$ cat my_file-v5.pdb   # PDB, C-alpha atoms
ATOM      1  CA  MET A  22     -10.184 -52.147 -40.603
ATOM      2  CA  ALA A  23     -10.255 -48.373 -40.427
ATOM      3  CA  ASN A  24     -12.045 -47.959 -37.088
ATOM      4  CA  TYR A  25     -10.553 -50.908 -35.239
ATOM      5  CA  THR A  26      -8.231 -49.965 -32.409
ATOM      6  CA  ALA A  27      -6.169 -52.137 -30.103
ATOM      7  CA  THR A  28      -3.840 -51.515 -27.172
ATOM      8  CA  TYR A  29      -1.139 -53.736 -25.699
ATOM      9  CA  GLU A  30       1.668 -52.804 -23.286
ATOM     10  CA  GLY A  31       1.063 -49.077 -23.900
ATOM     11  CA  LEU A  32       1.250 -49.368 -27.699
ATOM     12  CA  THR A  33      -1.871 -48.291 -29.622
ATOM     13  CA  LEU A  34      -2.700 -49.852 -32.983
ATOM     14  CA  GLY A  35      -5.214 -48.376 -35.395
ATOM     15  CA  PRO A  36      -6.220 -45.042 -36.939
ATOM     16  CA  ASP A  37      -3.947 -42.019 -36.502
ATOM     17  CA  THR A  38      -0.986 -44.217 -35.530
ATOM     18  CA  ASP A  39       1.923 -45.698 -37.470
ATOM     19  CA  TYR A  40       0.470 -49.172 -36.819
ATOM     20  CA  ASP A  41      -2.416 -50.239 -39.078
ATOM     21  CA  LEU A  42      -4.370 -53.242 -37.853
ATOM     22  CA  ILE A  43      -4.960 -55.257 -41.031
ATOM     23  CA  SER A  44      -6.650 -58.358 -39.585
ATOM     24  CA  VAL A  45      -7.496 -60.097 -36.316
ATOM     25  CA  GLU A  46      -7.934 -63.876 -36.432
ATOM     26  CA  GLY A  47      -9.162 -66.049 -33.580
ATOM     27  CA  TRP A  48     -10.959 -63.322 -31.623
ATOM     28  CA  LEU A  49     -14.363 -64.986 -31.991
ATOM     29  CA  ASP A  50     -13.178 -68.600 -32.342
ATOM     30  CA  ARG A  51     -13.956 -71.217 -29.687
ATOM     31  CA  ASP A  52     -11.723 -74.271 -29.723
ATOM     32  CA  VAL A  53     -13.211 -77.041 -27.588
ATOM     33  CA  GLN A  54     -11.492 -80.259 -26.554
ATOM     34  CA  ILE A  55     -14.109 -82.995 -26.330
ATOM     35  CA  SER A  56     -13.709 -86.288 -24.530
ATOM     36  CA  THR A  57     -16.208 -88.800 -25.951
ATOM     37  CA  PRO A  58     -14.914 -92.361 -25.634
ATOM     38  CA  ASP A  59     -16.538 -95.072 -27.762
ATOM     39  CA  LEU A  60     -18.765 -97.635 -26.095
ATOM     40  CA  PRO A  61     -16.882-100.936 -26.394
ATOM     41  CA  ARG A  62     -19.818-103.251 -27.245
ATOM     42  CA  TYR A  63     -22.604-100.833 -28.258
ATOM     43  CA  HIS A  64     -23.299 -98.127 -30.800
ATOM     44  CA  GLY A  65     -22.197 -94.561 -30.001
ATOM     45  CA  GLY A  66     -20.119 -93.278 -27.158
ATOM     46  CA  LEU A  67     -20.142 -91.904 -23.659
ATOM     47  CA  ILE A  68     -20.684 -88.237 -22.937
ATOM     48  CA  GLY A  69     -17.404 -86.895 -21.629
ATOM     49  CA  ASP A  70     -16.065 -83.580 -20.433
ATOM     50  CA  SER A  71     -15.554 -80.611 -22.740
ATOM     51  CA  TYR A  72     -12.888 -78.015 -22.121
ATOM     52  CA  HIS A  73     -12.071 -74.763 -23.904
ATOM     53  CA  SER A  74      -8.556 -74.583 -25.267
ATOM     54  CA  PRO A  75      -6.421 -71.481 -24.770
ATOM     55  CA  ARG A  76      -7.424 -68.668 -27.135
ATOM     56  CA  ARG A  77      -4.991 -67.923 -29.975
ATOM     57  CA  VAL A  78      -5.271 -64.521 -31.624
ATOM     58  CA  ILE A  79      -3.231 -63.655 -34.711
ATOM     59  CA  LEU A  80      -2.745 -59.989 -35.592
ATOM     60  CA  THR A  81      -1.561 -58.707 -38.942
ATOM     61  CA  ILE A  82      -0.106 -55.220 -38.580
ATOM     62  CA  ASP A  83       1.352 -52.846 -41.163
ATOM     63  CA  VAL A  84       3.995 -50.515 -39.747
ATOM     64  CA  SER A  85       4.489 -47.325 -41.723
ATOM     65  CA  GLY A  86       7.394 -44.942 -41.519
ATOM     66  CA  THR A  87      10.913 -45.297 -42.743
ATOM     67  CA  THR A  88      12.555 -45.347 -39.317
ATOM     68  CA  MET A  89      13.401 -48.518 -37.453
ATOM     69  CA  ALA A  90      12.140 -46.931 -34.217
ATOM     70  CA  ASN A  91       8.520 -47.817 -35.065
ATOM     71  CA  ARG A  92       9.438 -51.410 -35.782
ATOM     72  CA  ARG A  93      11.495 -51.687 -32.604
ATOM     73  CA  ALA A  94       8.627 -50.239 -30.533
ATOM     74  CA  LEU A  95       6.261 -52.867 -31.948
ATOM     75  CA  LEU A  96       8.692 -55.712 -31.293
ATOM     76  CA  THR A  97       9.400 -54.416 -27.784
ATOM     77  CA  ALA A  98       5.691 -54.274 -26.906
ATOM     78  CA  PHE A  99       5.041 -57.730 -28.353
ATOM     79  CA  GLN A 100       8.165 -59.385 -26.967
ATOM     80  CA  PRO A 101       7.428 -63.108 -26.441
ATOM     81  CA  GLN A 102       6.672 -63.835 -22.775
ATOM     82  CA  VAL A 103       6.917 -67.097 -20.880
ATOM     83  CA  ASP A 104       5.009 -66.673 -17.649
ATOM     84  CA  SER A 105       3.203 -63.314 -17.536
ATOM     85  CA  GLU A 106       0.087 -62.123 -19.342
ATOM     86  CA  SER A 107      -0.959 -58.539 -20.069
ATOM     87  CA  PRO A 108      -4.302 -57.139 -21.209
ATOM     88  CA  PHE A 109      -4.869 -56.857 -24.948
ATOM     89  CA  VAL A 110      -7.786 -54.461 -25.519
ATOM     90  CA  LEU A 111      -9.652 -54.489 -28.841
ATOM     91  CA  THR A 112     -12.355 -51.986 -29.766
ATOM     92  CA  LEU A 113     -14.572 -52.899 -32.706
ATOM     93  CA  PRO A 114     -16.666 -50.262 -34.496
ATOM     94  CA  GLY A 115     -19.890 -49.532 -32.608
ATOM     95  CA  GLU A 116     -18.911 -51.637 -29.570
ATOM     96  CA  THR A 117     -17.273 -51.074 -26.225
ATOM     97  CA  ALA A 118     -13.704 -52.156 -25.595
ATOM     98  CA  HIS A 119     -13.144 -55.843 -24.832
ATOM     99  CA  ARG A 120     -10.072 -57.445 -23.315
ATOM    100  CA  ILE A 121      -8.228 -60.728 -23.072
ATOM    101  CA  ASP A 122      -5.251 -61.378 -20.836
ATOM    102  CA  CYS A 123      -2.574 -62.854 -23.071
ATOM    103  CA  ARG A 124       1.095 -63.096 -23.878
ATOM    104  CA  PRO A 125       2.852 -62.865 -27.234
ATOM    105  CA  GLN A 126       4.082 -66.188 -28.466
ATOM    106  CA  ARG A 127       5.440 -65.266 -31.868
ATOM    107  CA  ALA A 128       6.314 -62.110 -33.778
ATOM    108  CA  ALA A 129       7.307 -62.464 -37.418
ATOM    109  CA  SER A 130       8.144 -60.078 -40.240
ATOM    110  CA  ARG A 131       9.819 -60.303 -43.560
ATOM    111  CA  ILE A 132      11.960 -57.938 -45.535
ATOM    112  CA  ASP A 133      10.700 -57.402 -49.057
ATOM    113  CA  ILE A 134      10.265 -54.661 -51.652
ATOM    114  CA  PHE A 135       7.696 -52.881 -49.489
ATOM    115  CA  SER A 136      10.323 -52.477 -46.766
ATOM    116  CA  GLU A 137      12.245 -50.159 -49.067
ATOM    117  CA  LEU A 138       9.090 -48.076 -49.457
ATOM    118  CA  GLY A 139       8.796 -47.679 -45.682
ATOM    119  CA  LEU A 140       6.128 -50.315 -45.035
ATOM    120  CA  ALA A 141       6.651 -53.471 -43.015
ATOM    121  CA  ARG A 142       4.069 -56.167 -42.295
ATOM    122  CA  PHE A 143       4.211 -58.007 -38.973
ATOM    123  CA  VAL A 144       2.298 -61.070 -37.840
ATOM    124  CA  ILE A 145       1.898 -61.338 -34.078
ATOM    125  CA  GLU A 146       0.502 -64.441 -32.364
ATOM    126  CA  LEU A 147      -1.014 -63.991 -28.907
ATOM    127  CA  ILE A 148      -2.056 -66.812 -26.596
ATOM    128  CA  ALA A 149      -4.499 -66.398 -23.722
ATOM    129  CA  SER A 150      -4.557 -69.192 -21.171
ATOM    130  CA  ASP A 151      -8.045 -67.990 -20.132
ATOM    131  CA  PRO A 152     -10.149 -68.081 -23.325
ATOM    132  CA  ALA A 153     -12.818 -65.693 -21.994
ATOM    133  CA  ILE A 154     -13.286 -62.238 -23.508
ATOM    134  CA  TYR A 155     -13.985 -59.609 -20.852
ATOM    135  CA  ASP A 156     -15.635 -56.202 -21.074
ATOM    136  CA  ASP A 157     -12.928 -53.619 -20.443
ATOM    137  CA  THR A 158     -15.139 -51.142 -18.569
ATOM    138  CA  LEU A 159     -14.493 -50.884 -14.847
ATOM    139  CA  SER A 160     -17.464 -51.788 -12.653
ATOM    140  CA  THR A 161     -17.698 -51.136  -8.936
ATOM    141  CA  VAL A 162     -20.228 -52.636  -6.562
ATOM    142  CA  ASN A 163     -21.092 -51.204  -3.170
ATOM    143  CA  PHE A 164     -22.904 -53.225  -0.564
ATOM    144  CA  GLY A 165     -23.529 -52.848   3.143
ATOM    145  CA  VAL A 166     -22.924 -55.216   6.001
ATOM    146  CA  PHE A 167     -25.957 -57.218   7.108
ATOM    147  CA  ALA A 168     -27.241 -56.197  10.536
ATOM    148  CA  PRO A 169     -29.091 -59.018  12.298
ATOM    149  CA  SER A 170     -32.469 -58.144  13.759
ATOM    150  CA  ALA A 171     -32.822 -61.133  16.117
ATOM    151  CA  GLY A 172     -30.722 -63.905  17.655
ATOM    152  CA  LEU A 173     -28.233 -64.332  20.433
ATOM    153  CA  SER A 174     -26.428 -61.395  21.907
ATOM    154  CA  TYR A 175     -22.734 -61.799  22.562
ATOM    155  CA  PRO A 176     -20.837 -62.490  24.718
ATOM    156  CA  VAL A 177     -22.826 -65.553  25.793
ATOM    157  CA  THR A 178     -22.174 -66.794  29.329
ATOM    158  CA  TYR A 179     -22.438 -70.475  30.087
ATOM    159  CA  PRO A 180     -24.214 -72.467  31.389
ATOM    160  CA  LYS A 181     -26.935 -71.139  29.157
ATOM    161  CA  ALA A 182     -30.416 -72.650  29.096
ATOM    162  CA  TYR A 183     -31.859 -73.052  25.604
ATOM    163  CA  GLY A 184     -35.587 -73.468  25.066
ATOM    164  CA  ALA A 185     -36.862 -76.978  24.496
TER     165      ALA A 185
END

$ encode --input "my_file-v5.pdb" --output "structure tokens"
Amino acid sequence: MANYTATYEGLTLGPDTDYDLISVEGWLDRDVQISTPDLPRYHGGLIGDSYHSPRRVILTIDVSGTTMANRRALLTAFQPQVDSESPFVLTLPGETAHRIDCRPQRAASRIDIFSELGLARFVIELIASDPAIYDDTLSTVNFGVFAPSAGLSYPVTYPKAYGA
């Protein structure tokens, strides 16, 4: 994933950084909860409501460098949160940046032979309570106030005679 870049809590993942984004799972998934109760005395079922579940995104990140500072910076940025969400911005090759508002739920790593060589693999799980993916470009809209061309003029004094 050479041209994939991501940003979360001020930490940039991708090319020219110590954080290589190996894979992103769940970015394009849509998990839908469907409520279709069976008809008790007929074939089939009733059409029920469908709801999108929270979006779960799993990142696999390789951290290079022999210092623990890089690993600590990654774990600090992706510290599990309980009640606040921050924007996670992902830029795919040939596309504009897209964003989800999410919070880290899990950060896992293991120590193995590659750790001695200065490479550590982390798996980060993000959860977004709003499953929508937003365009990260800022849009502004300007509009004027409507000026009426006809009607009552204020202040109105009563008793007022209205046409019949």

$ residues_around --input "my_file-v5.pdb" --residues "A:Tyr25" --least-positions-apart "4" --cutoff "6 Å" --atoms "all atoms listed in the file" --output "list in words"
Gly35, Thr112 and Leu113 of chain A

$ resolve_selection --input "my_file-v5.pdb" --expression "the PyMOL selection byres ((chain A and resi 53) around 9)" --output "PyMOL selection string"
chain A and resi 51-52+54-55+71-74

$ atom_distance --input "my_file-v5.pdb" --atom1 "atom CA of A:Pro108" --atom2 "atom CA of A:Tyr29"
6.5 Å

$ resolve_selection --input "my_file-v5.pdb" --expression "the PyMOL selection byres ((chain A and resi 123) around 6)" --output "number ranges by chain"
A: 106-107, 122, 124, 148-149

$ closest_residue --input "my_file-v5.pdb" --among "A:Ala27, A:Leu34, A:Ile121, A:Ile82" --to "A:Pro152" --atoms "all atoms listed in the file"
A:Ile121

$ atom_distance --input "my_file-v5.pdb" --atom1 "atom CA of A:Ala153" --atom2 "atom CA of A:Arg76"
8.0 Å

$ residues_around --input "my_file-v5.pdb" --residues "stretch 98-103 of chain A" --least-positions-apart "3" --cutoff "9 Å" --atoms "all atoms listed in the file" --output "list in words"
Tyr29, Glu30, Gly31, Leu32, Arg93, Ala94, Leu95, Glu106, Arg124, Pro125, Gln126, Arg127, Ala128, Ile145 and Leu147 of chain A

$ residues_around --input "my_file-v5.pdb" --residues "A:Ser44" --least-positions-apart "6" --cutoff "9 Å" --atoms "all atoms listed in the file" --output "list in words"
Met22, Ile79, Leu80, Thr81 and Ile82 of chain A

$ axis_aligned_box --input "my_file-v5.pdb" --around "stretch 65-84 of chain A" --padding-each-side "5 Å" --output "lines of an AutoDock Vina configuration file"
center_x = -9.1
center_y = -72.5
center_z = -30.8
size_x = 36.2
size_y = 54.0
size_z = 30.7

$ closest_residue --input "my_file-v5.pdb" --among "A:Val177, A:Leu111, A:Ala141, A:Ala118" --to "A:Val78" --atoms "all atoms listed in the file"
A:Leu111

$ resolve_selection --input "my_file-v5.pdb" --expression "the PyMOL selection byres ((chain A and resi 88) around 12)" --output "ChimeraX atom specification"
/A:39,84-87,89-94,136-141

$ atom_distance --input "my_file-v5.pdb" --atom1 "atom CA of A:Tyr40" --atom2 "atom CA of A:Arg120"
19.0 Å

$ residues_near_point --input "my_file-v5.pdb" --point "(-11.6, -60.4, -30.4)" --cutoff "8 Å" --atoms "only C-alpha atoms" --output "PyMOL selection string"
chain A and resi 45-49+78+111+119-120+154
